[in-house]
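What follows is the content of input-v7.cif (mmCIF, C-alpha atoms).
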data_model
#
loop_
_atom_site.label_atom_id
_atom_site.label_comp_id
_atom_site.auth_asym_id
_atom_site.auth_seq_id
_atom_site.Cartn_x
_atom_site.Cartn_y
_atom_site.Cartn_z
CA MET A 24 0.00 0.00 0.00
CA ASN A 25 1.69 3.21 -1.17
CA ILE A 26 1.32 6.64 0.34
CA ASN A 27 -0.38 8.99 -2.10
CA THR A 28 2.39 10.78 -3.98
CA LYS A 29 0.53 14.09 -3.56
CA LEU A 30 1.53 13.96 0.11
CA LEU A 31 5.28 13.51 -0.42
CA PRO A 32 6.03 17.26 -0.61
CA LEU A 33 4.26 17.68 2.73
CA VAL A 34 6.41 14.94 4.28
CA VAL A 35 9.54 16.67 3.02
CA ALA A 36 8.27 19.99 4.42
CA CYS A 37 7.74 18.39 7.84
CA LEU A 38 11.28 17.06 7.92
CA ALA A 39 12.79 20.27 6.64
CA ALA A 40 10.97 22.33 9.25
CA SER A 41 12.51 20.47 12.20
CA PRO A 42 14.95 22.77 14.04
CA ALA A 43 18.41 21.31 14.75
CA PHE A 44 17.35 17.77 13.87
CA ALA A 45 20.61 16.22 15.09
CA ALA A 46 20.34 17.73 18.57
CA GLU A 47 18.28 14.86 20.04
CA PRO A 48 19.37 11.23 19.75
CA MET A 49 17.63 9.15 17.13
CA ALA A 50 17.48 6.38 19.72
CA ASN A 51 14.49 8.21 21.26
CA ILE A 52 12.45 7.07 18.26
CA PHE A 53 12.79 3.47 19.44
CA ASN A 54 13.35 3.80 23.19
CA ASP A 55 10.22 5.86 23.81
CA GLY A 56 7.90 3.93 21.50
CA SER A 57 4.66 2.29 22.58
CA LEU A 58 2.23 -0.38 21.48
CA LYS A 59 -1.38 -0.42 22.59
CA GLY A 60 -4.60 -1.85 21.29
CA GLN A 61 -7.48 -4.18 21.91
CA PHE A 62 -8.60 -7.64 20.94
CA GLN A 63 -12.33 -7.72 20.27
CA LEU A 64 -15.01 -10.34 19.77
CA PHE A 65 -18.31 -9.00 18.39
CA ASP A 66 -21.65 -10.59 17.57
CA PHE A 67 -24.22 -8.37 15.80
CA GLN A 68 -27.65 -9.56 14.66
CA ARG A 69 -30.68 -7.81 13.23
CA ASN A 70 -34.07 -9.53 13.05
CA PHE A 71 -36.99 -8.18 11.02
CA ASP A 72 -40.69 -8.73 11.72
CA GLY A 73 -41.53 -8.94 8.03
CA ASP A 74 -39.98 -10.46 4.93
CA SER A 75 -36.62 -8.72 5.05
CA THR A 76 -33.62 -11.03 5.40
CA ASP A 77 -32.32 -11.30 8.95
CA ARG A 78 -28.64 -10.48 9.43
CA GLN A 79 -25.90 -11.82 11.69
CA ASP A 80 -22.11 -11.61 11.82
CA THR A 81 -19.65 -12.75 14.45
CA SER A 82 -16.12 -11.45 14.18
CA PHE A 83 -12.83 -11.70 16.03
CA GLY A 84 -9.95 -9.32 15.56
CA GLY A 85 -8.65 -6.11 16.97
CA LEU A 86 -6.98 -2.74 16.63
CA PHE A 87 -3.26 -2.34 17.29
CA TYR A 88 -1.54 1.05 17.50
CA LEU A 89 2.25 1.49 17.28
CA ARG A 90 3.78 4.87 18.09
CA SER A 91 7.44 5.80 18.01
CA GLY A 92 9.17 8.14 20.41
CA GLU A 93 10.06 11.67 19.36
CA ALA A 94 13.37 13.11 18.18
CA ASN A 95 13.47 16.85 17.57
CA GLY A 96 9.73 16.89 17.09
CA ILE A 97 9.65 14.04 14.56
CA SER A 98 7.78 10.83 15.32
CA PHE A 99 6.12 8.04 13.39
CA GLY A 100 2.96 6.04 13.81
CA GLY A 101 1.06 3.14 12.38
CA SER A 102 -1.79 0.83 13.23
CA PHE A 103 -3.29 -2.45 12.04
CA ALA A 104 -6.95 -3.45 12.03
CA SER A 105 -8.47 -6.90 11.73
CA ALA A 106 -11.99 -8.38 11.61
CA ASN A 107 -12.33 -12.10 10.85
CA PRO A 108 -15.61 -14.03 10.49
CA ILE A 109 -16.32 -16.91 12.87
CA TRP A 110 -19.40 -19.05 13.55
CA GLU A 111 -20.82 -18.17 10.16
CA SER A 112 -24.52 -18.80 9.48
CA ASN A 113 -25.59 -19.67 5.94
CA ASN A 114 -29.21 -18.66 6.58
CA ASP A 115 -28.66 -15.04 7.61
CA GLY A 116 -27.63 -12.08 5.54
CA LEU A 117 -24.39 -10.19 6.03
CA TYR A 118 -24.54 -7.66 8.85
CA GLY A 119 -21.41 -5.71 7.92
CA LEU A 120 -18.87 -6.50 10.65
CA VAL A 121 -16.74 -8.23 8.01
CA GLY A 122 -16.44 -8.18 4.23
CA GLY A 123 -18.17 -10.14 1.50
CA GLY A 124 -20.82 -7.90 -0.01
CA ALA A 125 -23.65 -5.52 0.71
CA PRO A 126 -25.36 -5.71 4.14
CA GLY A 127 -28.32 -8.07 3.97
CA SER A 128 -26.93 -10.19 1.16
CA ILE A 129 -26.47 -13.93 1.70
CA VAL A 130 -22.81 -14.33 0.84
CA GLU A 131 -19.66 -15.95 2.13
CA ARG A 132 -18.06 -13.72 4.73
CA THR A 133 -14.49 -12.55 4.14
CA ALA A 134 -11.88 -11.28 6.58
CA VAL A 135 -10.80 -7.65 6.62
CA ASN A 136 -7.14 -7.13 7.51
CA ARG A 137 -5.56 -3.79 6.72
CA LEU A 138 -2.96 -1.22 7.59
CA GLN A 139 -5.15 1.32 9.35
CA GLU A 140 -2.62 4.12 9.78
CA TYR A 141 0.89 5.06 8.64
CA PHE A 142 2.10 8.58 9.18
CA VAL A 143 4.93 10.91 10.07
CA SER A 144 4.29 13.60 12.67
CA GLY A 145 6.08 16.85 13.39
CA ASN A 146 5.59 18.73 16.66
CA TRP A 147 7.16 22.21 16.82
CA TYR A 148 6.17 25.54 18.36
CA ASP A 149 2.87 24.19 19.78
CA THR A 150 1.91 22.90 16.34
CA GLN A 151 1.47 19.26 15.41
CA ILE A 152 1.54 18.26 11.74
CA VAL A 153 0.52 14.71 10.77
CA VAL A 154 0.98 13.50 7.18
CA GLY A 155 -0.23 10.14 5.91
CA ALA A 156 -2.99 7.68 6.85
CA GLN A 157 -4.59 8.60 10.17
CA GLU A 158 -7.79 8.37 12.17
CA LEU A 159 -9.53 11.73 12.62
CA ARG A 160 -11.74 13.03 15.40
CA THR A 161 -13.65 16.05 14.14
CA PRO A 162 -17.43 16.73 14.11
CA MET A 163 -18.12 15.78 10.48
CA MET A 164 -15.13 13.52 9.74
CA ASN A 165 -14.37 10.97 12.44
CA PRO A 166 -13.82 7.23 13.08
CA PHE A 167 -17.54 6.45 12.64
CA PRO A 168 -17.13 3.57 15.16
CA LEU A 169 -20.31 1.62 14.43
CA ARG A 170 -18.71 -1.64 13.32
CA ALA A 171 -15.61 -3.70 14.10
CA ILE A 172 -13.14 -1.37 12.34
CA PRO A 173 -13.39 2.44 12.41
CA PHE A 174 -13.00 4.73 9.41
CA THR A 175 -9.51 6.02 8.61
CA TYR A 176 -8.33 8.83 6.32
CA ARG A 177 -5.33 9.79 4.22
CA GLY A 178 -4.01 13.31 3.93
CA ALA A 179 -2.61 15.91 6.29
CA SER A 180 -3.81 17.43 9.55
CA ILE A 181 -2.48 20.39 11.54
CA LYS A 182 -3.31 21.47 15.09
CA ASN A 183 -1.96 24.58 16.82
CA THR A 184 -2.39 25.28 20.56
CA SER A 185 -0.10 28.28 20.99
CA ILE A 186 -2.98 30.51 22.15
CA GLU A 187 -4.22 29.74 25.66
CA ASN A 188 -7.57 27.88 25.69
CA VAL A 189 -7.64 27.83 21.86
CA ALA A 190 -6.96 25.00 19.40
CA ILE A 191 -6.87 25.76 15.67
CA SER A 192 -7.01 22.78 13.29
CA ALA A 193 -6.83 22.27 9.54
CA LEU A 194 -7.36 19.21 7.31
CA TYR A 195 -6.44 18.23 3.76
CA ILE A 196 -8.01 14.81 3.11
CA THR A 197 -7.87 12.93 -0.20
CA ASP A 198 -8.87 9.34 0.65
CA TYR A 199 -10.67 7.20 3.20
CA MET A 200 -11.39 3.57 4.10
CA GLY A 201 -14.79 2.55 5.45
CA TRP A 202 -15.65 -0.26 7.84
CA THR A 203 -14.82 -3.17 5.52
CA ASP A 204 -12.49 -1.65 2.89
CA GLU A 205 -8.96 -2.98 2.46
CA GLU A 206 -7.81 -0.22 0.10
CA PHE A 207 -8.15 3.54 0.25
CA ASN A 208 -10.84 5.20 -1.88
CA ASN A 209 -11.02 8.82 -2.95
CA VAL A 210 -13.39 10.82 -0.74
CA SER A 211 -15.50 11.47 -3.84
CA SER A 212 -16.52 7.80 -3.84
CA GLY A 213 -17.91 8.28 -0.33
CA ILE A 214 -20.09 11.12 -1.60
CA ARG A 215 -21.29 9.02 -4.54
CA SER A 216 -22.09 6.07 -2.26
CA GLU A 217 -24.07 8.31 0.10
CA PHE A 218 -26.38 9.36 -2.71
CA ALA A 219 -26.46 5.89 -4.32
CA ARG A 220 -28.02 4.49 -1.13
CA LYS A 221 -30.92 6.88 -1.78
CA GLY A 222 -31.16 5.81 -5.43
CA VAL A 223 -29.52 8.98 -6.80
CA ILE A 224 -26.56 8.58 -9.17
CA VAL A 225 -24.17 11.54 -9.23
CA ASP A 226 -20.84 12.21 -10.93
CA VAL A 227 -18.36 13.73 -8.48
CA GLU A 228 -14.81 14.73 -9.40
CA ASP A 229 -11.89 13.37 -7.36
CA ASN A 230 -11.30 16.49 -5.29
CA PRO A 231 -9.98 16.60 -1.71
CA ILE A 232 -11.86 17.83 1.35
CA TYR A 233 -10.47 20.85 3.19
CA ALA A 234 -11.48 21.76 6.73
CA LEU A 235 -10.71 24.43 9.29
CA GLY A 236 -11.65 24.16 12.97
CA LEU A 237 -11.55 26.34 16.06
CA ASP A 238 -12.03 24.97 19.59
CA TYR A 239 -12.17 27.44 22.48
CA ASN A 240 -12.44 26.84 26.22
CA LEU A 241 -14.15 29.95 27.56
CA PRO A 242 -12.35 31.38 30.64
CA ILE A 243 -15.47 31.60 32.84
CA ASP A 244 -15.22 30.72 36.51
CA SER A 245 -18.92 30.18 37.26
CA VAL A 246 -19.42 27.46 34.61
CA LYS A 247 -17.39 25.24 32.34
CA ALA A 248 -17.90 26.27 28.73
CA LYS A 249 -16.28 25.28 25.48
CA THR A 250 -17.25 25.97 21.91
CA SER A 251 -16.35 24.41 18.58
CA LEU A 252 -16.63 25.88 15.07
CA TRP A 253 -15.73 23.82 11.99
CA TYR A 254 -15.92 24.53 8.26
CA TYR A 255 -15.58 21.80 5.60
CA THR A 256 -15.51 22.26 1.85
CA MET A 257 -15.17 20.04 -1.22
CA GLU A 258 -15.05 21.61 -4.67
CA ASP A 259 -18.20 21.04 -6.73
CA VAL A 260 -19.80 19.13 -3.84
CA TYR A 261 -20.57 21.10 -0.68
CA ASN A 262 -19.77 23.65 1.98
CA GLN A 263 -20.74 22.87 5.55
CA TYR A 264 -20.46 24.54 8.94
CA HIS A 265 -20.80 22.90 12.35
CA VAL A 266 -21.11 24.94 15.55
CA LYS A 267 -21.36 23.41 19.02
CA LEU A 268 -21.45 24.81 22.55
CA ASP A 269 -20.92 22.69 25.65
CA VAL A 270 -21.83 24.40 28.94
CA SER A 271 -22.02 22.75 32.37
CA GLY A 272 -22.17 23.81 35.99
CA GLU A 273 -23.10 22.82 39.50
CA MET A 274 -26.61 22.91 40.94
CA GLY A 275 -26.37 21.92 44.58
CA ALA A 276 -25.28 18.27 44.70
CA ALA A 277 -26.05 17.84 41.00
CA ASN A 278 -24.28 18.84 37.79
CA TRP A 279 -26.23 20.25 34.83
CA TYR A 280 -25.20 20.53 31.17
CA PHE A 281 -26.56 22.15 28.02
CA ILE A 282 -25.14 21.23 24.58
CA PRO A 283 -26.72 23.04 21.61
CA SER A 284 -25.38 22.55 18.07
CA TYR A 285 -26.08 23.77 14.55
CA LEU A 286 -25.07 22.25 11.19
CA LYS A 287 -25.47 24.03 7.83
CA GLN A 288 -24.92 22.22 4.52
CA ASP A 289 -25.11 23.57 0.96
CA SER A 290 -24.28 21.86 -2.31
CA THR A 291 -21.98 23.82 -4.62
CA GLY A 292 -20.77 23.89 -8.23
CA GLU A 293 -21.56 20.89 -10.39
CA LEU A 294 -23.41 18.98 -7.68
CA ASP A 295 -25.62 22.00 -7.04
CA GLN A 296 -26.67 21.83 -10.72
CA SER A 297 -27.64 18.15 -10.49
CA VAL A 298 -30.65 16.27 -9.10
CA ALA A 299 -28.64 15.74 -5.93
CA GLN A 300 -28.49 19.46 -5.05
CA PHE A 301 -29.32 20.26 -1.44
CA ASP A 302 -29.58 23.13 1.03
CA THR A 303 -30.29 22.00 4.57
CA TYR A 304 -29.49 22.41 8.23
CA GLN A 305 -29.79 20.57 11.53
CA ALA A 306 -30.25 22.30 14.89
CA GLY A 307 -30.90 20.91 18.33
CA PHE A 308 -29.65 20.37 21.85
CA HIS A 309 -28.99 18.03 24.76
CA LEU A 310 -30.13 19.24 28.19
CA GLY A 311 -29.30 17.09 31.17
CA VAL A 312 -28.42 16.64 34.81
CA ARG A 313 -26.05 14.25 36.61
CA TRP A 314 -26.64 13.24 40.22
CA ASN A 315 -25.44 10.39 42.41
CA GLY A 316 -24.57 8.10 39.50
CA PHE A 317 -27.61 9.03 37.39
CA ASP A 318 -27.44 10.95 34.12
CA ALA A 319 -30.75 12.11 32.61
CA THR A 320 -30.86 13.83 29.21
CA VAL A 321 -33.56 15.46 27.10
CA LYS A 322 -32.83 15.78 23.36
CA TYR A 323 -34.46 17.74 20.56
CA VAL A 324 -33.49 18.17 16.89
CA THR A 325 -35.00 19.66 13.76
CA THR A 326 -33.70 19.19 10.21
CA GLY A 327 -34.22 21.43 7.17
CA ASP A 328 -35.58 20.79 3.68
CA GLY A 329 -32.91 18.23 2.70
CA ASP A 330 -31.37 15.08 4.16
CA VAL A 331 -28.13 15.52 6.08
CA VAL A 332 -25.19 14.40 3.91
CA ALA A 333 -22.68 12.65 6.19
CA PRO A 334 -20.69 9.79 4.63
CA PHE A 335 -17.65 10.19 6.91
CA GLY A 336 -19.04 10.13 10.44
CA ASP A 337 -20.80 12.98 12.13
CA GLU A 338 -22.19 14.54 15.28
CA LYS A 339 -25.90 14.46 14.54
CA VAL A 340 -27.95 15.65 17.51
CA ILE A 341 -29.67 12.29 18.08
CA ILE A 342 -27.70 9.13 17.31
CA GLN A 343 -29.15 5.79 18.36
CA GLN A 344 -28.13 2.22 17.80
CA VAL A 345 -30.03 1.97 14.49
CA VAL A 346 -31.69 5.31 13.63
CA GLN A 347 -30.13 8.77 13.54
CA SER A 348 -31.66 12.20 13.00
CA ALA A 349 -30.94 12.82 9.33
CA ARG A 350 -34.13 13.05 7.23
CA ALA A 351 -35.45 16.19 5.58
CA ASN A 352 -38.20 18.07 7.47
CA GLU A 353 -37.74 15.84 10.50
CA ASP A 354 -38.23 16.64 14.18
CA GLY A 355 -36.73 14.30 16.75
CA TYR A 356 -37.47 14.04 20.47
CA GLY A 357 -35.33 11.93 22.79
CA LEU A 358 -34.93 10.90 26.43
CA GLN A 359 -31.99 9.04 27.91
CA LEU A 360 -31.46 7.78 31.45
CA ALA A 361 -28.06 6.34 32.38
CA TYR A 362 -26.73 4.97 35.66
CA GLN A 363 -23.25 4.00 36.79
CA PHE A 364 -22.97 1.86 39.90
CA ALA A 365 -20.75 3.19 42.67
CA PRO A 366 -17.20 1.79 43.01
CA ASP A 367 -18.00 0.42 46.49
CA SER A 368 -21.21 -1.35 45.41
CA ALA A 369 -21.67 -5.03 44.57
CA LEU A 370 -22.09 -4.04 40.90
CA SER A 371 -18.97 -1.91 40.72
CA GLY A 372 -17.88 -1.58 37.08
CA VAL A 373 -21.41 -1.79 35.68
CA SER A 374 -22.97 1.10 33.76
CA THR A 375 -26.26 1.07 31.89
CA TYR A 376 -28.68 3.28 29.99
CA VAL A 377 -32.09 3.39 28.34
CA ASN A 378 -32.30 5.66 25.28
CA TRP A 379 -35.66 6.43 23.58
CA ALA A 380 -36.39 8.73 20.64
CA ASN A 381 -39.23 9.50 18.26
CA TYR A 382 -38.68 10.84 14.74
CA GLU A 383 -41.48 12.66 12.87
CA ILE A 384 -41.64 14.01 9.33
CA ASP A 385 -43.62 17.23 9.14
CA GLY A 386 -47.07 16.52 7.65
CA ASP A 387 -46.52 12.79 7.05
CA SER A 388 -47.21 10.56 10.05
CA SER A 389 -46.68 7.45 7.89
CA GLN A 390 -42.94 8.15 8.12
CA ASP A 391 -42.80 8.21 11.94
CA ILE A 392 -40.15 6.07 13.65
CA ASP A 393 -39.51 5.33 17.29
CA GLU A 394 -36.56 3.47 18.77
CA THR A 395 -35.77 2.26 22.28
CA ASP A 396 -32.20 1.22 23.14
CA PHE A 397 -30.84 -0.67 26.14
CA SER A 398 -27.15 -0.94 26.98
CA VAL A 399 -25.17 -2.61 29.78
CA VAL A 400 -21.37 -2.38 30.11
CA TYR A 401 -19.40 -4.39 32.67
CA ASP A 402 -15.79 -3.34 33.21
CA LEU A 403 -14.04 -6.44 34.55
CA ALA A 404 -10.71 -4.75 35.28
CA LYS A 405 -10.89 -5.76 38.94
CA TYR A 406 -10.69 -9.40 37.76
CA VAL A 407 -8.67 -9.08 34.53
CA ASP A 408 -7.00 -5.78 33.70
CA GLY A 409 -8.28 -4.48 30.34
CA LEU A 410 -11.26 -6.85 30.03
CA SER A 411 -14.81 -5.55 29.55
CA VAL A 412 -18.07 -6.79 28.06
CA ARG A 413 -21.10 -5.02 26.66
CA ALA A 414 -24.62 -5.93 25.54
CA ARG A 415 -26.93 -3.67 23.53
CA HIS A 416 -30.50 -4.18 22.29
CA ALA A 417 -32.61 -1.88 20.14
CA ILE A 418 -36.33 -2.07 19.32
CA VAL A 419 -37.28 -0.06 16.23
CA ASN A 420 -40.88 0.54 15.15
CA TYR A 421 -41.83 2.09 11.80
CA SER A 422 -45.32 3.46 11.08
CA THR A 423 -45.05 1.82 7.68
CA GLY A 424 -42.23 -0.62 7.14
CA ASP A 425 -40.52 -3.65 8.57
CA ASP A 426 -40.07 -3.34 12.35
CA LEU A 427 -36.86 -4.80 13.70
CA THR A 428 -34.74 -5.63 16.72
CA ASP A 429 -30.99 -5.17 16.75
CA THR A 430 -28.83 -7.01 19.30
CA ARG A 431 -25.08 -6.56 19.75
CA PHE A 432 -22.57 -8.25 22.05
CA TYR A 433 -19.02 -7.01 22.58
CA VAL A 434 -16.00 -8.44 24.37
CA TYR A 435 -12.90 -6.21 24.65
CA TYR A 436 -9.44 -6.90 25.96
CA LYS A 437 -7.33 -3.74 25.99
CA PHE A 438 -3.56 -3.69 26.56
CA ALA A 439 -0.63 -1.31 26.49
CA ILE A 440 3.10 -2.00 26.25
#

Please render this file's structure as structure tokens.
Amino acid sequence: MNINTKLLPLVVACLAASPAFAAEPMANIFNDGSLKGQFQLFDFQRNFDGDSTDRQDTSFGGLFYLRSGEANGISFGGSFASANPIWESNNDGLYGLVGGGAPGSIVERTAVNRLQEYFVSGNWYDTQIVVGAQELRTPMMNPFPLRAIPFTYRGASIKNTSIENVAISALYITDYMGWTDEEFNNVSSGIRSEFARKGVIVDVEDNPIYALGLDYNLPIDSVKAKTSLWYYTMEDVYNQYHVKLDVSGEMGAANWYFIPSYLKQDSTGELDQSVAQFDTYQAGFHLGVRWNGFDATVKYVTTGDGDVVAPFGDEKVIIQQVVQSARANEDGYGLQLAYQFAPDSALSGVSTYVNWANYEIDGDSSQDIDETDFSVVYDLAKYVDGLSVRARHAIVNYSTGDDLTDTRFYVYYKFAI
């Protein structure tokens, strides 16, 4: 797998920018390195009430991250990802934990084993530059961790923290790999696939995505407050803005929080002249309180005249196990109640939640959806360091359509060397 040649000048620039490269011993690269990761066993199944084909995959694999030490600001990183089918059923359709075809199709499962990351990083003057294949964590381009292997991206990222309480970030991204890809694809193919799932065929040029982000921790003593502003653009495809505010404070023995956000998306250029053109927004909030192990949240979201376009992970206001707030002219209402057992209780290490939401299309009750999720996590570190298990179950009801249940089991073993 070769690094995109467009990135080579950026690699050279990183190396050239290092001040007094010979001042620190190269041995730091090896002596200060680390290896961490997790082995994971997943079983996902989706059962439909009607004629749709049930789905089930069981996979074993993991994520393994290797990082070098640093010499004069230069370091290197890489990671490997693996998802291998086990206990395969010939009667159920593919869920999508592993490869083999489209979700729902009855096919032979195939393993996914890939180099997840490979990059060189430079860290000088409170600025980190990463060039190569890397996982990203931004509002509208992130790992999208819904399956066994997260999304990864190829390009360059920059983050500067020289101003107190401020982080300024920039992205230049040319390629990505989804959950079951073994080769990088141009980001344009992700856009095309997003519309193809809706039955719309579009022709998108192979242009990169650029992004600029600003994160600011507000210096306010009475409350904790941080804000995030991100702008993403892709020539002849779209411009989008994401704004988020996270405010929290104390209220007696409890802690309250309020998290409003706003997303604006507009198609541009050639895409704006096609049948896929769009102009939409999504606005909403989380309002909650934490007290004595409980965490209760109210959620509300409204979406504009077009569907949200988000092929690379996102921070939609309501995200559930199966359904997310994304449809045009949709209002969503959600309630979540979580509880974490105290460390000195018999169920120490157990956390759980119930998450309910209803999604309504303005003027069309036949499109209503409601989903109820249940989740239980048991951190078994007191017995085996790094071991945890999780069970999730979702019940999804459609006003018109095939109701379903979605059940997922996870076993993790995390380690660090």

For this session: List the neighbours of Tyr382 in chain A out to 12 Å using all atoms listed in the file; skip same-chain residues closer than 3 positions along the sequence, and give me the result as a VMD selection string.
Result: chain A and resid 322 to 326 341 to 343 346 to 357 379 385 387 to 395 419 to 422

For this session: Would you kindly return, as a PyMOL selection string, each protein, DNA or RNA residue with an atom no farther than 8 Å from any atom of range 134-138 of chain A, considering all atoms listed in the file and excluding same-chain residues fewer than 4 positions away?
Result: chain A and resi 101-108+121-122+203-206

Problem set entry | Best match for closeness to Ala248 in chain A among A:Leu358, A:Leu169, A:Val345, A:Leu268, counting only C-alpha atoms |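 Once distances to Ala248 in chain A are computed over only C-alpha atoms, the minimum belongs to A:Leu268.
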
For this session: For the structure provided, state which residues fall under the PyMOL selection byres ((chain A and resi 272) around 10), and present them as a list in words.
Result: Asp244, Ser245, Val246, Lys247, Ala248, Val270, Ser271, Glu273, Met274, Gly275, Ala277, Asn278, Trp279, Tyr280, Phe281 and Val312 of chain A

Only C-alpha atoms, please: the residues just picked out, written as a short mmCIF file (atom, residue, chain, number, x, y, z; two decimals), in the coordinates of the input.
data_model
loop_
_atom_site.label_atom_id
_atom_site.label_comp_id
_atom_site.auth_asym_id
_atom_site.auth_seq_id
_atom_site.Cartn_x
_atom_site.Cartn_y
_atom_site.Cartn_z
CA ASP A 244 -15.22 30.72 36.51
CA SER A 245 -18.92 30.18 37.26
CA VAL A 246 -19.42 27.46 34.61
CA LYS A 247 -17.39 25.24 32.34
CA ALA A 248 -17.90 26.27 28.73
CA VAL A 270 -21.83 24.40 28.94
CA SER A 271 -22.02 22.75 32.37
CA GLU A 273 -23.10 22.82 39.50
CA MET A 274 -26.61 22.91 40.94
CA GLY A 275 -26.37 21.92 44.58
CA ALA A 277 -26.05 17.84 41.00
CA ASN A 278 -24.28 18.84 37.79
CA TRP A 279 -26.23 20.25 34.83
CA TYR A 280 -25.20 20.53 31.17
CA PHE A 281 -26.56 22.15 28.02
CA VAL A 312 -28.42 16.64 34.81
#

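Picture a line from CA of Met163 in chain A to CA of Glu338 in chain A; it runs 6.4 Å.
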
Exercise. Got a sec to resolve the PyMOL selection byres ((chain A and resi 214-226) around 9) on this structure and send the residues as a PyMOL selection string?
Worked result: chain A and resi 210-213+227-228+260+293-294+297-299+332-335

Exercise. What gap, in Å, lies between CA of Lys182 in chain A and CA of Ala306 in chain A?
Worked result: 27.0 Å

Exercise. Between CA of Gly155 in chain A and CA of Lys287 in chain A, what is the spacing in Å?
Worked result: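 Separation between CA of Lys287 in chain A and CA of Gly155 in chain A: 28.9 Å.
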
Generate the coordinates of all heavy atoms for range 387-392 of chain A; report them as a PDB file, keeping the file's coordinate frame.
ATOM      1  N   ASP A 387     -46.423  14.154   7.571  1.00  0.00           N
ATOM      2  CA  ASP A 387     -46.520  12.790   7.050  1.00  0.00           C
ATOM      3  C   ASP A 387     -46.284  11.796   8.183  1.00  0.00           C
ATOM      4  O   ASP A 387     -45.170  11.317   8.390  1.00  0.00           O
ATOM      5  CB  ASP A 387     -45.499  12.576   5.924  1.00  0.00           C
ATOM      6  CG  ASP A 387     -45.680  11.243   5.207  1.00  0.00           C
ATOM      7  OD1 ASP A 387     -46.574  10.464   5.610  1.00  0.00           O
ATOM      8  OD2 ASP A 387     -44.918  10.972   4.258  1.00  0.00           O
ATOM      9  N   SER A 388     -47.330  11.468   8.910  1.00  0.00           N
ATOM     10  CA  SER A 388     -47.210  10.560  10.050  1.00  0.00           C
ATOM     11  C   SER A 388     -46.858   9.136   9.633  1.00  0.00           C
ATOM     12  O   SER A 388     -46.411   8.338  10.470  1.00  0.00           O
ATOM     13  CB  SER A 388     -48.506  10.554  10.862  1.00  0.00           C
ATOM     14  OG  SER A 388     -49.598  10.107  10.066  1.00  0.00           O
ATOM     15  N   SER A 389     -47.024   8.803   8.351  1.00  0.00           N
ATOM     16  CA  SER A 389     -46.680   7.450   7.890  1.00  0.00           C
ATOM     17  C   SER A 389     -45.179   7.212   7.927  1.00  0.00           C
ATOM     18  O   SER A 389     -44.735   6.062   7.804  1.00  0.00           O
ATOM     19  CB  SER A 389     -47.204   7.224   6.466  1.00  0.00           C
ATOM     20  OG  SER A 389     -46.506   8.036   5.533  1.00  0.00           O
ATOM     21  N   GLN A 390     -44.395   8.280   8.082  1.00  0.00           N
ATOM     22  CA  GLN A 390     -42.940   8.150   8.120  1.00  0.00           C
ATOM     23  C   GLN A 390     -42.382   8.176   9.546  1.00  0.00           C
ATOM     24  O   GLN A 390     -41.162   8.212   9.745  1.00  0.00           O
ATOM     25  CB  GLN A 390     -42.302   9.288   7.314  1.00  0.00           C
ATOM     26  CG  GLN A 390     -42.674   9.298   5.843  1.00  0.00           C
ATOM     27  CD  GLN A 390     -42.229   8.040   5.140  1.00  0.00           C
ATOM     28  OE1 GLN A 390     -41.081   7.615   5.284  1.00  0.00           O
ATOM     29  NE2 GLN A 390     -43.130   7.423   4.390  1.00  0.00           N
ATOM     30  N   ASP A 391     -43.262   8.154  10.554  1.00  0.00           N
ATOM     31  CA  ASP A 391     -42.800   8.210  11.940  1.00  0.00           C
ATOM     32  C   ASP A 391     -42.003   6.956  12.312  1.00  0.00           C
ATOM     33  O   ASP A 391     -42.315   5.847  11.858  1.00  0.00           O
ATOM     34  CB  ASP A 391     -43.986   8.338  12.892  1.00  0.00           C
ATOM     35  CG  ASP A 391     -44.638   9.715  12.824  1.00  0.00           C
ATOM     36  OD1 ASP A 391     -44.126  10.569  12.078  1.00  0.00           O
ATOM     37  OD2 ASP A 391     -45.660   9.916  13.512  1.00  0.00           O
ATOM     38  N   ILE A 392     -40.990   7.164  13.139  1.00  0.00           N
ATOM     39  CA  ILE A 392     -40.150   6.070  13.650  1.00  0.00           C
ATOM     40  C   ILE A 392     -39.947   6.294  15.138  1.00  0.00           C
ATOM     41  O   ILE A 392     -39.771   7.429  15.584  1.00  0.00           O
ATOM     42  CB  ILE A 392     -38.766   6.037  12.957  1.00  0.00           C
ATOM     43  CG1 ILE A 392     -38.894   5.984  11.434  1.00  0.00           C
ATOM     44  CG2 ILE A 392     -37.935   4.853  13.467  1.00  0.00           C
ATOM     45  CD1 ILE A 392     -37.570   6.176  10.712  1.00  0.00           C
TER      46      ILE A 392
END
